[in-house]
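Heads up: the structure comes next, in structure tokens.
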Amino acid sequence: MLAHNKSAEDVIKELHSDEIKGLSDEQVKTYLNTYGENKLKAQKKKTILMKFLEQFKDVMILILLLAALISFVVAIMEQHLSGFFEPLLILVIVVLNAIVGVYQENKAEKSLEALMNMTTPQSRVIRGGEEKVIDTLNLVPGDIIKLEAGDFIPADARLISANSLKSDESALTGESVPVDKNANLIVDEKEPLGDRLNMVYSGCSITNGTAIAIVSATGMDSEMGKIAGLLDSAVDTKTPLQERLAVLGKYLGIIALIVCAIIFVMGIIDGMPIMEIFMTAVSLAVSAIPEGLPVIVTVVLSIGVERMAKQNAIVKKLPAVETLGSTSIICSDKTGTLTQNKMTLVKAYDEKTGMEDISSDNSEAIRKLLVYGMLCSDGSIVIEDGKEVSIGDPTETSIIAAGIKNGISQEVINENYPRLLELPFDSDRKMMTTIHKMDGKNIVITKGAFDVMREHCSVGDLGKATQVVEDMSKEALRVIAIAYKEIDEIPSEVVYDEIENDLNFIGLVGMIDPPREEVKEAVKVCQHAGIKPIMITGDHVLTAEVIARNLGIFHDGDVALTGVQLASMSDEELDEKLASISVYARVSPEDKIRVVRAWQSKGKIVSMTGDGVNDAPSLKAADIGCAMGITGTDVAKSAADLTLMDDNFATIVEAVKEGRGIYSNIRKVVAFLLGTNIGEIALVFFSMLFWRVSPLLSMQLLWINLVTDSLPAIALGTEPIEESVMDEAPRPKNEGIFAHGLGVRVALQGFMFGGLSLLAFKYGFDHDGLGAARTMAFIVLGLSQINHAFNMRSHKSIFKIGIFTNKNLNKAAALSIVMMLFVIFVPPITKIFGLVHLPIELYLICLALSLAPVLVLEIAKALKLVK
């Protein structure tokens with residue numbers, strides 16, 4: 001359909017819709033079957049087979065498989081039946097490793113898909129004569145939609161009406177300047193997208209104004225859908241931590257290869273069979289090179305992100321999880337985040353009658369004030385399932401609710417006093433204006449912050465009103481001023497300064513938004529954790545200060561600053577006073593960015609909340625942008641790293657705690673994996689150096705790698721977050737993962753595993769020959785690494801936190817132990833793996849040596865050597 005080449009009325013007729021009532025439920029069902037869901041074709045996923053084959057792209061794996069193939073061919077040529085087992089077993093182990101790799105990749109993928117489904121965008125539609133909020137997925141051609149500043153446009157649509165509407169179409173046309181829209185135009189069918197001023201397009205956003213439109217195309221039929229093939233090239237990005245670990249893995253891999261090469265040369269010099277020492281060296285390289293480290297970190301991150309989602313914090317970008325743990329400043333909006341966002345109008349002031357509490361029987365003057373406030377509002381209150389449901393801005397719906405309480409019907413006054421023109425609210429003007437036909441006159445009604453409105457009013461006792469505002473603000477009331485004027489005719493061109501000037505001040509309305517109870521405790525947790533909470537609000541400075549003090553954000557000696565005061569300060573003055581400022585009131589979007597950058601210049605990690613379209617720049621400027629899931633605009637959510645599904649400050653604090661915990665778990669996993677890898681290298685290297693014999697065969701090394709590297713490591717990543725993470729100061733921005741001596745401890749632990757296994761090997765060799773020696777080394781190295789996963793759970797004693805409180809680790813360790821015992825004690829398998837059965841006393845020695853790391857680490861923890 002070329003909707004841009006038709007009038008809105010023609011499009012409505014063609015789609016059998018209705019401007020007032022929209023589509024019926026039956027029509028929606030029919031159109032959903034005809035046009036399908038409103039979504040773009042999903043990017044083609046890798047098949048299980050593709051993922052499986054990708055597990056073999058590592059060079060060392062390919063070399064190992066090649067070596068196994070050569071060994072297999074040699075066995076055939078020499079007709080040695082026993083020679084078949086080793087290459088076949090290596091193949092089985094490598095395939096099992098690949099299966100585990102595919103499982104890890106699928107788990108991460110499904111977790112992130114689930115998170116994407118949790119943030120399904122929604123749209124305001126009129127269906128069956130009622131305004132509803134539905135999932136954008138269910139939009140169909142013919143739907144009547146409402147749009148306002150900050151919305152992402154959910155589908156291609158022909159404008160029916162528009163007020164000061166501007167759309168950012170850079171995603172579609174590349175044009176960076178927002179486009180002015182005009183619903184009354186009919187555009188030539190050959191006009192390019194950028195010139196179709198009567199249309200709005202899916203994937204673009206509304207930057208200014210409001211509109212009503214009829215959906216003309218959805219999903220793959222939209223203009224964005226037509227170029228979906230160009231969008232089907234998403235690249236998987238790695239987090240900074242994953243990139244650092246990938247580089248670390250390469251360096252460690254080079255070291256491992258050098259050690260393996262030395263081992264291979266030593267074996268050749270000492271006359272060991274070339275094939276045996278080659279297979280051992282390559283198997284050691286495969287086991288010791290931590291090529292899977294970034295993948296396991298991805299799994300741990302995705303597990304953590306899934307856990308954060310259950311706390312109502314939806315992470316959009318994985319790097320945000322790492323950054324959260326370093327957050328030292330949280331700049332939070334007041335309304336809805338620190339407060340409940342349950343606005344209730346409690347007081348109203350009129351110049352003639354004075355102050356009144358809102359009731360069901362207010363004076364005629366206050367009722368008139370409420371009528372003007374309701375007319376100059378885009379919000380609405382509807383009845384759904386017998387319950388009142390507020391749609392739109394809570395400030396506006398509180399005015400509407402007070403009017404309804406006084407018997408004033410929003411529908412009736414909108415019909416009696418039709419809206420002729422609208423100047424939508426924006427955070428720069430801090431006002432909204434509508435023009436209505438009232439009793440044959442053109443009446444301009446403006447509402448907004450009193451501080452701003454005062455400059456635009458020429459009639460009224462503004463001095464007295466100023467005192468009333470201060471008194472109301474001291475009671476923590478949010479105050480909105482309402483004014484009006486009469487004009488002769490509707491202006492053909494909208495000039496804000498002309499329309500919103502020379503106003504007659506009518507009165508004030510004051511609403512209360514109670515603080516959230518849980519925020520007080522969250523603020524205490526913040527401050528205990530070395531995080532400074534700051535309130536940033538558009539409210540009056542006195543209101544903000546009262547609420548901030550009640551919540552524990554503002555203390556004696558702290559400063560509450562207005563946007564005007566901030567603008568008058570130089571960067572040097574701001575830098576000097578920055579630490580003492582706890583409240584910023586009446587601030588602009590530019591002020592927010594300035595505050596963020598001022599803290600960042602001090603090396604701090606800043607989190608900023610926001611919900612409006614004008615908050616997007618500050619959300620992007622902050623290290624962690626937090627958008628509101630309930631009141632937030634689509635543009636704000638798009639710019640943010642994190643979405644708070646409950647708009648709650650306490651959720652930010654919980655997210656910081658989770659971020660710290662996830663990072664802590666990643667450190668544990670990395671330390672565990674590298675420690676075990678170092679142990680394997682140390683065992684083989686020093687055994688070759690001292691005795692010129694390999695302590696483990698290739699398949700033994702690979703089996704230990706399979707058993708100890710994957711399942712326990714992932715399970716360790718699910719360790720519950722320790723409460724003590726919020727007892728520490730925020731992590732410095734550039735702190736390495738091996739800070740606080742972790743690197744040294746990992747190396748020492750690795751050499752401990754190698755040393756204990758060497759001791760077992762020597763003892764077995766002296767008492768029962770090479771078979772017993774390798775069996776003892778195999779048991780000690782494998783079991784000690786499994787036991788070590790429990791050591792790594794906490795810097796506290798495992799007996800204090802409870803040995804078996806991590807159920808995932810219990811299951812992983814049990815499975816790993818069963819796999820080890822299967823190889824050690826099942827006779828045919830034992831023989832295939834080159835192991836032997838031992839006397840009971842040697843098994844007991846192996847058990848004691850494998851438990852030794854637990855004892856060593858417990859002593860180190862008691863002496864506070866482990867952090």
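Here's how to read the names in the structure tokens: chain A, B, ... by the order shown, residue numbers from 1 in each chain, ligand numbers from 1 in the order shown.
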From segment 505-627 of chain A, collect each residue whose DSSP state is strand (DSSP E or B) and return the set as a PyMOL selection string.
-> chain A and resi 505-512+515+532-537+559-562+581-585+605-610+624-627
Which of segment 313-378 of chain A end up as alpha helix (DSSP H) when DSSP is run on this backbone - answer as a CSV table (one decimal) with all heavy atoms, in the first residue's frame?
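Result went into result_39.csv, see below:
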chain,number,residue,atom,x,y,z
A,319,PRO,N,29.0,-5.9,28.6
A,319,PRO,CA,30.0,-5.2,29.4
A,319,PRO,C,29.5,-4.4,30.6
A,319,PRO,O,30.3,-4.1,31.5
A,319,PRO,CB,30.5,-4.2,28.3
A,319,PRO,CG,30.2,-4.8,27.0
A,319,PRO,CD,28.9,-5.6,27.2
A,320,ALA,N,28.2,-4.1,30.6
A,320,ALA,CA,27.6,-3.4,31.7
A,320,ALA,C,27.7,-4.2,33.0
A,320,ALA,O,27.9,-3.6,34.1
A,320,ALA,CB,26.1,-3.1,31.5
A,321,VAL,N,27.7,-5.5,32.9
A,321,VAL,CA,27.8,-6.4,34.1
A,321,VAL,C,29.2,-6.2,34.8
A,321,VAL,O,29.3,-6.1,36.0
A,321,VAL,CB,27.7,-7.9,33.7
A,321,VAL,CG1,27.8,-8.8,34.9
A,321,VAL,CG2,26.3,-8.1,33.0
A,322,GLU,N,30.2,-6.1,33.9
A,322,GLU,CA,31.6,-5.8,34.5
A,322,GLU,C,31.7,-4.5,35.1
A,322,GLU,O,32.2,-4.3,36.2
A,322,GLU,CB,32.6,-5.9,33.4
A,322,GLU,CG,32.7,-7.3,32.7
A,322,GLU,CD,33.5,-7.2,31.4
A,322,GLU,OE1,34.4,-6.4,31.4
A,322,GLU,OE2,33.2,-8.0,30.5
A,323,THR,N,31.1,-3.5,34.4
A,323,THR,CA,31.2,-2.1,34.9
A,323,THR,C,30.4,-1.9,36.2
A,323,THR,O,30.8,-1.1,37.0
A,323,THR,CB,30.7,-1.1,33.8
A,323,THR,OG1,31.2,-1.5,32.6
A,323,THR,CG2,31.0,0.3,34.1
A,324,LEU,N,29.3,-2.6,36.3
A,324,LEU,CA,28.4,-2.4,37.5
A,324,LEU,C,29.2,-2.6,38.8
A,324,LEU,O,29.0,-1.9,39.8
A,324,LEU,CB,27.3,-3.4,37.5
A,324,LEU,CG,26.0,-3.0,36.8
A,324,LEU,CD1,25.1,-4.2,36.6
A,324,LEU,CD2,25.3,-1.9,37.6
A,364,GLU,N,-16.0,25.9,43.6
A,364,GLU,CA,-16.1,26.1,42.1
A,364,GLU,C,-14.8,26.6,41.5
A,364,GLU,O,-14.4,26.2,40.4
A,364,GLU,CB,-17.2,27.2,41.8
A,364,GLU,CG,-17.7,27.1,40.4
A,364,GLU,CD,-18.3,25.8,40.0
A,364,GLU,OE1,-18.9,25.1,40.8
A,364,GLU,OE2,-18.1,25.4,38.8
A,365,ALA,N,-14.1,27.5,42.2
A,365,ALA,CA,-12.8,28.0,41.7
A,365,ALA,C,-11.8,26.8,41.5
A,365,ALA,O,-11.0,26.8,40.5
A,365,ALA,CB,-12.2,29.0,42.6
A,366,ILE,N,-11.7,25.9,42.5
A,366,ILE,CA,-10.7,24.8,42.4
A,366,ILE,C,-11.2,23.8,41.3
A,366,ILE,O,-10.4,23.3,40.6
A,366,ILE,CB,-10.6,24.1,43.8
A,366,ILE,CG1,-10.0,25.0,44.8
A,366,ILE,CG2,-9.8,22.8,43.7
A,366,ILE,CD1,-8.6,25.5,44.5
A,367,ARG,N,-12.5,23.6,41.2
A,367,ARG,CA,-13.0,22.8,40.1
A,367,ARG,C,-12.6,23.3,38.8
A,367,ARG,O,-12.3,22.6,37.9
A,367,ARG,CB,-14.5,22.6,40.3
A,367,ARG,CG,-15.0,21.7,41.4
A,367,ARG,CD,-16.5,21.9,41.7
A,367,ARG,NE,-17.3,21.6,40.6
A,367,ARG,CZ,-17.7,20.3,40.3
A,367,ARG,NH1,-17.3,19.3,41.0
A,367,ARG,NH2,-18.4,20.1,39.2
A,368,LYS,N,-12.7,24.6,38.6
A,368,LYS,CA,-12.3,25.3,37.3
A,368,LYS,C,-10.8,25.0,37.1
A,368,LYS,O,-10.4,24.7,36.0
A,368,LYS,CB,-12.6,26.8,37.4
A,368,LYS,CG,-12.2,27.5,36.1
A,368,LYS,CD,-12.5,29.0,36.2
A,368,LYS,CE,-12.0,29.7,34.9
A,368,LYS,NZ,-12.2,31.2,35.0
A,369,LEU,N,-10.0,25.2,38.2
A,369,LEU,CA,-8.6,24.9,38.1
A,369,LEU,C,-8.3,23.5,37.6
A,369,LEU,O,-7.4,23.3,36.7
A,369,LEU,CB,-7.9,25.2,39.4
A,369,LEU,CG,-6.4,25.0,39.5
A,369,LEU,CD1,-5.6,26.1,38.7
A,369,LEU,CD2,-6.0,25.0,41.0
A,370,LEU,N,-9.0,22.6,38.1
A,370,LEU,CA,-8.9,21.1,37.8
A,370,LEU,C,-9.3,20.9,36.3
A,370,LEU,O,-8.6,20.1,35.6
A,370,LEU,CB,-9.7,20.2,38.7
A,370,LEU,CG,-9.2,20.2,40.2
A,370,LEU,CD1,-10.1,19.3,41.0
A,370,LEU,CD2,-7.8,19.6,40.2
A,371,VAL,N,-10.4,21.6,35.9
A,371,VAL,CA,-10.8,21.4,34.5
A,371,VAL,C,-9.7,21.9,33.5
A,371,VAL,O,-9.4,21.2,32.6
A,371,VAL,CB,-12.1,22.2,34.2
A,371,VAL,CG1,-12.4,22.3,32.7
A,371,VAL,CG2,-13.3,21.6,34.9
A,372,TYR,N,-9.1,23.0,33.8
A,372,TYR,CA,-8.0,23.6,33.0
A,372,TYR,C,-6.8,22.6,33.0
A,372,TYR,O,-6.2,22.3,31.9
A,372,TYR,CB,-7.6,24.9,33.5
A,372,TYR,CG,-8.5,26.1,32.9
A,372,TYR,CD1,-9.9,26.0,33.0
A,372,TYR,CD2,-7.9,27.2,32.4
A,372,TYR,CE1,-10.7,27.0,32.5
A,372,TYR,CE2,-8.7,28.2,31.8
A,372,TYR,CZ,-10.1,28.1,31.9
A,372,TYR,OH,-10.9,29.1,31.4
A,373,GLY,N,-6.5,22.1,34.2
A,373,GLY,CA,-5.4,21.1,34.3
A,373,GLY,C,-5.7,19.8,33.5
A,373,GLY,O,-4.8,19.3,32.8
A,374,MET,N,-6.9,19.3,33.5
A,374,MET,CA,-7.3,18.1,32.8
A,374,MET,C,-7.3,18.3,31.3
A,374,MET,O,-6.8,17.5,30.5
A,374,MET,CB,-8.7,17.7,33.2
A,374,MET,CG,-8.8,17.1,34.6
A,374,MET,SD,-10.5,16.9,35.2
A,374,MET,CE,-10.9,15.4,34.3
A,375,LEU,N,-7.7,19.5,30.8
A,375,LEU,CA,-7.7,19.8,29.4
A,375,LEU,C,-6.3,19.8,28.9
A,375,LEU,O,-6.0,19.4,27.7
A,375,LEU,CB,-8.4,21.1,29.1
A,375,LEU,CG,-9.9,21.1,29.3
A,375,LEU,CD1,-10.5,22.6,29.2
A,375,LEU,CD2,-10.6,20.3,28.2
If we count only C-alpha atoms, what is near Pro617 of chain A at a cut-off of 12 Å, once residues fewer than 2 positions away on the same chain are taken out, given as a PyMOL selection string?
-> chain A and resi 588-594+596-597+608-615+619-623+625+627+635-640
If you count only C-alpha atoms, which residues fall within 6 Å of segment 751-755 of chain A, apart from same-chain ones fewer than 3 positions away, as JSON, numbers by chain?
-> {"A": [679, 682, 683, 748, 758]}
Give me a file of those residues, with N, CA, C and O atoms, as a PDB file, in the first residue's frame.
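The result, written out as selection21.pdb:
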ATOM      1  N   GLY A 679      49.009 -26.643  36.966  1.00  0.00           N
ATOM      2  CA  GLY A 679      49.337 -27.909  37.637  1.00  0.00           C
ATOM      3  C   GLY A 679      49.682 -29.003  36.642  1.00  0.00           C
ATOM      4  O   GLY A 679      50.638 -29.780  36.847  1.00  0.00           O
ATOM      5  N   ALA A 682      53.126 -28.205  35.066  1.00  0.00           N
ATOM      6  CA  ALA A 682      54.201 -28.416  36.044  1.00  0.00           C
ATOM      7  C   ALA A 682      54.478 -29.904  36.239  1.00  0.00           C
ATOM      8  O   ALA A 682      55.637 -30.330  36.293  1.00  0.00           O
ATOM      9  N   LEU A 683      53.414 -30.709  36.325  1.00  0.00           N
ATOM     10  CA  LEU A 683      53.581 -32.149  36.528  1.00  0.00           C
ATOM     11  C   LEU A 683      54.390 -32.771  35.389  1.00  0.00           C
ATOM     12  O   LEU A 683      55.392 -33.459  35.624  1.00  0.00           O
ATOM     13  N   LEU A 748      51.013 -20.307  42.541  1.00  0.00           N
ATOM     14  CA  LEU A 748      51.399 -21.165  43.669  1.00  0.00           C
ATOM     15  C   LEU A 748      50.480 -22.383  43.779  1.00  0.00           C
ATOM     16  O   LEU A 748      50.948 -23.503  44.043  1.00  0.00           O
ATOM     17  N   LEU A 758      53.396 -34.982  41.403  1.00  0.00           N
ATOM     18  CA  LEU A 758      54.774 -35.490  41.246  1.00  0.00           C
ATOM     19  C   LEU A 758      55.148 -36.408  42.402  1.00  0.00           C
ATOM     20  O   LEU A 758      55.769 -37.467  42.209  1.00  0.00           O
TER      21      LEU A 758
END
Spatial neighbours of segment 210-220 of chain A, 6 Å, only C-alpha atoms, chain gap at least 3 places, as a list of chain:residue names = A:Asn38, A:Lys39, A:Leu40, A:Pro141, A:Gly142, A:Asp143, A:Ile144, A:Ile145, A:Lys146, A:Leu147, A:Glu148, A:Ala155, A:Asp156, A:Ala157, A:Arg158, A:Leu159, A:Ile160, A:Ser161, A:Ala162, A:Asn163, A:Leu165, A:Gly225
Using the selection just defined, write its residues with C-alpha atoms as a JSON list (two decimals), in the first residue's frame.
[["chain", "number", "residue", "atom", "x", "y", "z"],
["A", 38, "ASN", "CA", 4.88, -7.43, 13.60],
["A", 39, "LYS", "CA", 8.52, -8.52, 13.65],
["A", 40, "LEU", "CA", 11.47, -8.73, 11.30],
["A", 141, "PRO", "CA", -2.34, -2.84, 9.57],
["A", 142, "GLY", "CA", -5.43, -0.77, 10.40],
["A", 143, "ASP", "CA", -4.53, -0.30, 14.07],
["A", 144, "ILE", "CA", -4.91, 3.29, 15.32],
["A", 145, "ILE", "CA", -1.80, 4.14, 17.37],
["A", 146, "LYS", "CA", -0.85, 7.05, 19.62],
["A", 147, "LEU", "CA", 2.69, 8.41, 19.55],
["A", 148, "GLU", "CA", 4.55, 10.92, 21.71],
["A", 155, "ALA", "CA", 5.28, 0.06, 12.47],
["A", 156, "ASP", "CA", 4.96, 2.09, 9.29],
["A", 157, "ALA", "CA", 1.96, 4.38, 9.72],
["A", 158, "ARG", "CA", 0.02, 7.14, 7.94],
["A", 159, "LEU", "CA", -0.46, 10.19, 10.16],
["A", 160, "ILE", "CA", -4.06, 11.11, 10.96],
["A", 161, "SER", "CA", -3.20, 14.09, 13.17],
["A", 162, "ALA", "CA", 0.07, 15.53, 14.45],
["A", 163, "ASN", "CA", 1.09, 18.26, 16.90],
["A", 165, "LEU", "CA", 5.69, 16.24, 15.45],
["A", 225, "GLY", "CA", 11.60, -5.02, 6.78]]
In terms of the shortest atom-to-atom distance over only C-alpha atoms, which of A:Thr47, A:Ser170, A:Asn33, A:Thr327 is closest to Pro732 of chain A?
->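 Nearest to Pro732 of chain A: A:Thr327.
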Within 12 Å of segment 515-517 of chain A, counting only C-alpha atoms, which residues qualify if same-chain residues fewer than 4 places away don't, as an MDAnalysis selection string?
-> chainID A and resid 334:343 476:477 521:523 543:544 546:552 646:651
List the spatial neighbours of segment 197-201 of chain A as a PDB file with N, CA, C and O atoms, in the first residue's frame - criterion: any atom at most 8 Å away, only C-alpha atoms, same-chain residues fewer than 5 positions off excluded.
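around07.pdb written:
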ATOM      1  N   ALA A   3       0.636   4.303   1.201  1.00  0.00           N
ATOM      2  CA  ALA A   3      -0.179   5.106   2.119  1.00  0.00           C
ATOM      3  C   ALA A   3       0.159   6.585   2.033  1.00  0.00           C
ATOM      4  O   ALA A   3      -0.702   7.444   2.279  1.00  0.00           O
ATOM      5  N   HIS A   4       1.403   6.919   1.676  1.00  0.00           N
ATOM      6  CA  HIS A   4       1.800   8.322   1.626  1.00  0.00           C
ATOM      7  C   HIS A   4       1.124   9.067   0.476  1.00  0.00           C
ATOM      8  O   HIS A   4       1.049  10.289   0.464  1.00  0.00           O
ATOM      9  N   ILE A 153       8.823   4.196  16.894  1.00  0.00           N
ATOM     10  CA  ILE A 153       7.666   3.969  16.043  1.00  0.00           C
ATOM     11  C   ILE A 153       7.568   2.464  15.782  1.00  0.00           C
ATOM     12  O   ILE A 153       8.518   1.861  15.277  1.00  0.00           O
ATOM     13  N   PRO A 154       6.441   1.837  16.144  1.00  0.00           N
ATOM     14  CA  PRO A 154       6.365   0.369  16.120  1.00  0.00           C
ATOM     15  C   PRO A 154       6.112  -0.238  14.751  1.00  0.00           C
ATOM     16  O   PRO A 154       6.345  -1.421  14.542  1.00  0.00           O
ATOM     17  N   ALA A 155       5.604   0.570  13.808  1.00  0.00           N
ATOM     18  CA  ALA A 155       5.275   0.060  12.473  1.00  0.00           C
ATOM     19  C   ALA A 155       5.149   1.251  11.534  1.00  0.00           C
ATOM     20  O   ALA A 155       5.009   2.400  11.975  1.00  0.00           O
ATOM     21  N   ASP A 156       5.214   1.003  10.237  1.00  0.00           N
ATOM     22  CA  ASP A 156       4.960   2.087   9.286  1.00  0.00           C
ATOM     23  C   ASP A 156       3.513   2.557   9.456  1.00  0.00           C
ATOM     24  O   ASP A 156       2.594   1.724   9.571  1.00  0.00           O
ATOM     25  N   ALA A 157       3.307   3.884   9.458  1.00  0.00           N
ATOM     26  CA  ALA A 157       1.956   4.378   9.716  1.00  0.00           C
ATOM     27  C   ALA A 157       1.712   5.705   9.006  1.00  0.00           C
ATOM     28  O   ALA A 157       2.623   6.531   8.862  1.00  0.00           O
ATOM     29  N   ARG A 158       0.466   5.878   8.558  1.00  0.00           N
ATOM     30  CA  ARG A 158       0.024   7.140   7.936  1.00  0.00           C
ATOM     31  C   ARG A 158      -0.521   8.030   9.038  1.00  0.00           C
ATOM     32  O   ARG A 158      -1.383   7.614   9.824  1.00  0.00           O
ATOM     33  N   LEU A 159      -0.014   9.262   9.121  1.00  0.00           N
ATOM     34  CA  LEU A 159      -0.462  10.186  10.158  1.00  0.00           C
ATOM     35  C   LEU A 159      -1.904  10.604   9.930  1.00  0.00           C
ATOM     36  O   LEU A 159      -2.301  10.918   8.792  1.00  0.00           O
ATOM     37  N   SER A 167      10.355  13.507  13.785  1.00  0.00           N
ATOM     38  CA  SER A 167      10.791  12.107  13.841  1.00  0.00           C
ATOM     39  C   SER A 167      12.255  11.999  13.443  1.00  0.00           C
ATOM     40  O   SER A 167      12.692  12.594  12.454  1.00  0.00           O
ATOM     41  N   GLU A 169      14.697   9.896  11.709  1.00  0.00           N
ATOM     42  CA  GLU A 169      14.666   8.810  10.733  1.00  0.00           C
ATOM     43  C   GLU A 169      16.057   8.398  10.276  1.00  0.00           C
ATOM     44  O   GLU A 169      16.221   7.784   9.213  1.00  0.00           O
ATOM     45  N   VAL A 179      12.942  15.116  11.331  1.00  0.00           N
ATOM     46  CA  VAL A 179      12.093  15.585  10.232  1.00  0.00           C
ATOM     47  C   VAL A 179      10.763  16.095  10.777  1.00  0.00           C
ATOM     48  O   VAL A 179      10.100  15.411  11.561  1.00  0.00           O
ATOM     49  N   ASP A 180      10.370  17.314  10.368  1.00  0.00           N
ATOM     50  CA  ASP A 180       9.052  17.852  10.720  1.00  0.00           C
ATOM     51  C   ASP A 180       7.982  17.103   9.932  1.00  0.00           C
ATOM     52  O   ASP A 180       8.106  16.939   8.714  1.00  0.00           O
ATOM     53  N   LYS A 181       6.931  16.675  10.608  1.00  0.00           N
ATOM     54  CA  LYS A 181       5.873  15.892   9.959  1.00  0.00           C
ATOM     55  C   LYS A 181       4.592  16.715   9.798  1.00  0.00           C
ATOM     56  O   LYS A 181       4.310  17.595  10.624  1.00  0.00           O
ATOM     57  N   ASN A 182       3.808  16.368   8.776  1.00  0.00           N
ATOM     58  CA  ASN A 182       2.562  17.075   8.502  1.00  0.00           C
ATOM     59  C   ASN A 182       1.506  16.067   8.057  1.00  0.00           C
ATOM     60  O   ASN A 182       1.608  15.465   6.992  1.00  0.00           O
ATOM     61  N   ALA A 183       0.488  15.882   8.873  1.00  0.00           N
ATOM     62  CA  ALA A 183      -0.534  14.866   8.596  1.00  0.00           C
ATOM     63  C   ALA A 183      -1.426  15.238   7.417  1.00  0.00           C
ATOM     64  O   ALA A 183      -2.076  14.368   6.824  1.00  0.00           O
ATOM     65  N   ASN A 184      -1.466  16.512   7.069  1.00  0.00           N
ATOM     66  CA  ASN A 184      -2.418  16.969   6.053  1.00  0.00           C
ATOM     67  C   ASN A 184      -1.917  16.823   4.617  1.00  0.00           C
ATOM     68  O   ASN A 184      -2.681  17.034   3.674  1.00  0.00           O
ATOM     69  N   LEU A 185      -0.655  16.513   4.453  1.00  0.00           N
ATOM     70  CA  LEU A 185      -0.087  16.405   3.110  1.00  0.00           C
ATOM     71  C   LEU A 185      -0.485  15.103   2.425  1.00  0.00           C
ATOM     72  O   LEU A 185      -0.721  14.084   3.086  1.00  0.00           O
ATOM     73  N   ILE A 186      -0.548  15.137   1.097  1.00  0.00           N
ATOM     74  CA  ILE A 186      -0.621  13.914   0.280  1.00  0.00           C
ATOM     75  C   ILE A 186       0.588  13.976  -0.651  1.00  0.00           C
ATOM     76  O   ILE A 186       0.728  14.916  -1.435  1.00  0.00           O
ATOM     77  N   VAL A 187       1.458  12.988  -0.532  1.00  0.00           N
ATOM     78  CA  VAL A 187       2.762  13.035  -1.183  1.00  0.00           C
ATOM     79  C   VAL A 187       2.741  12.217  -2.472  1.00  0.00           C
ATOM     80  O   VAL A 187       2.067  11.171  -2.542  1.00  0.00           O
ATOM     81  N   SER A 222       7.168  -3.653   6.223  1.00  0.00           N
ATOM     82  CA  SER A 222       7.538  -2.272   6.519  1.00  0.00           C
ATOM     83  C   SER A 222       8.798  -1.901   5.733  1.00  0.00           C
ATOM     84  O   SER A 222       9.485  -2.768   5.174  1.00  0.00           O
ATOM     85  N   GLU A 223       9.096  -0.608   5.692  1.00  0.00           N
ATOM     86  CA  GLU A 223      10.306  -0.161   4.976  1.00  0.00           C
ATOM     87  C   GLU A 223      11.559  -0.745   5.623  1.00  0.00           C
ATOM     88  O   GLU A 223      12.520  -1.086   4.939  1.00  0.00           O
ATOM     89  N   MET A 224      11.541  -0.866   6.952  1.00  0.00           N
ATOM     90  CA  MET A 224      12.677  -1.475   7.641  1.00  0.00           C
ATOM     91  C   MET A 224      12.767  -2.957   7.290  1.00  0.00           C
ATOM     92  O   MET A 224      13.861  -3.504   7.134  1.00  0.00           O
TER      93      MET A 224
END
Provide the atom CA of Ser24 of chain A to atom CA of Arg127 of chain A distance in Å, to one decimal place.
->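 Going from atom CA of Ser24 of chain A over to atom CA of Arg127 of chain A, I get 6.0 Å.
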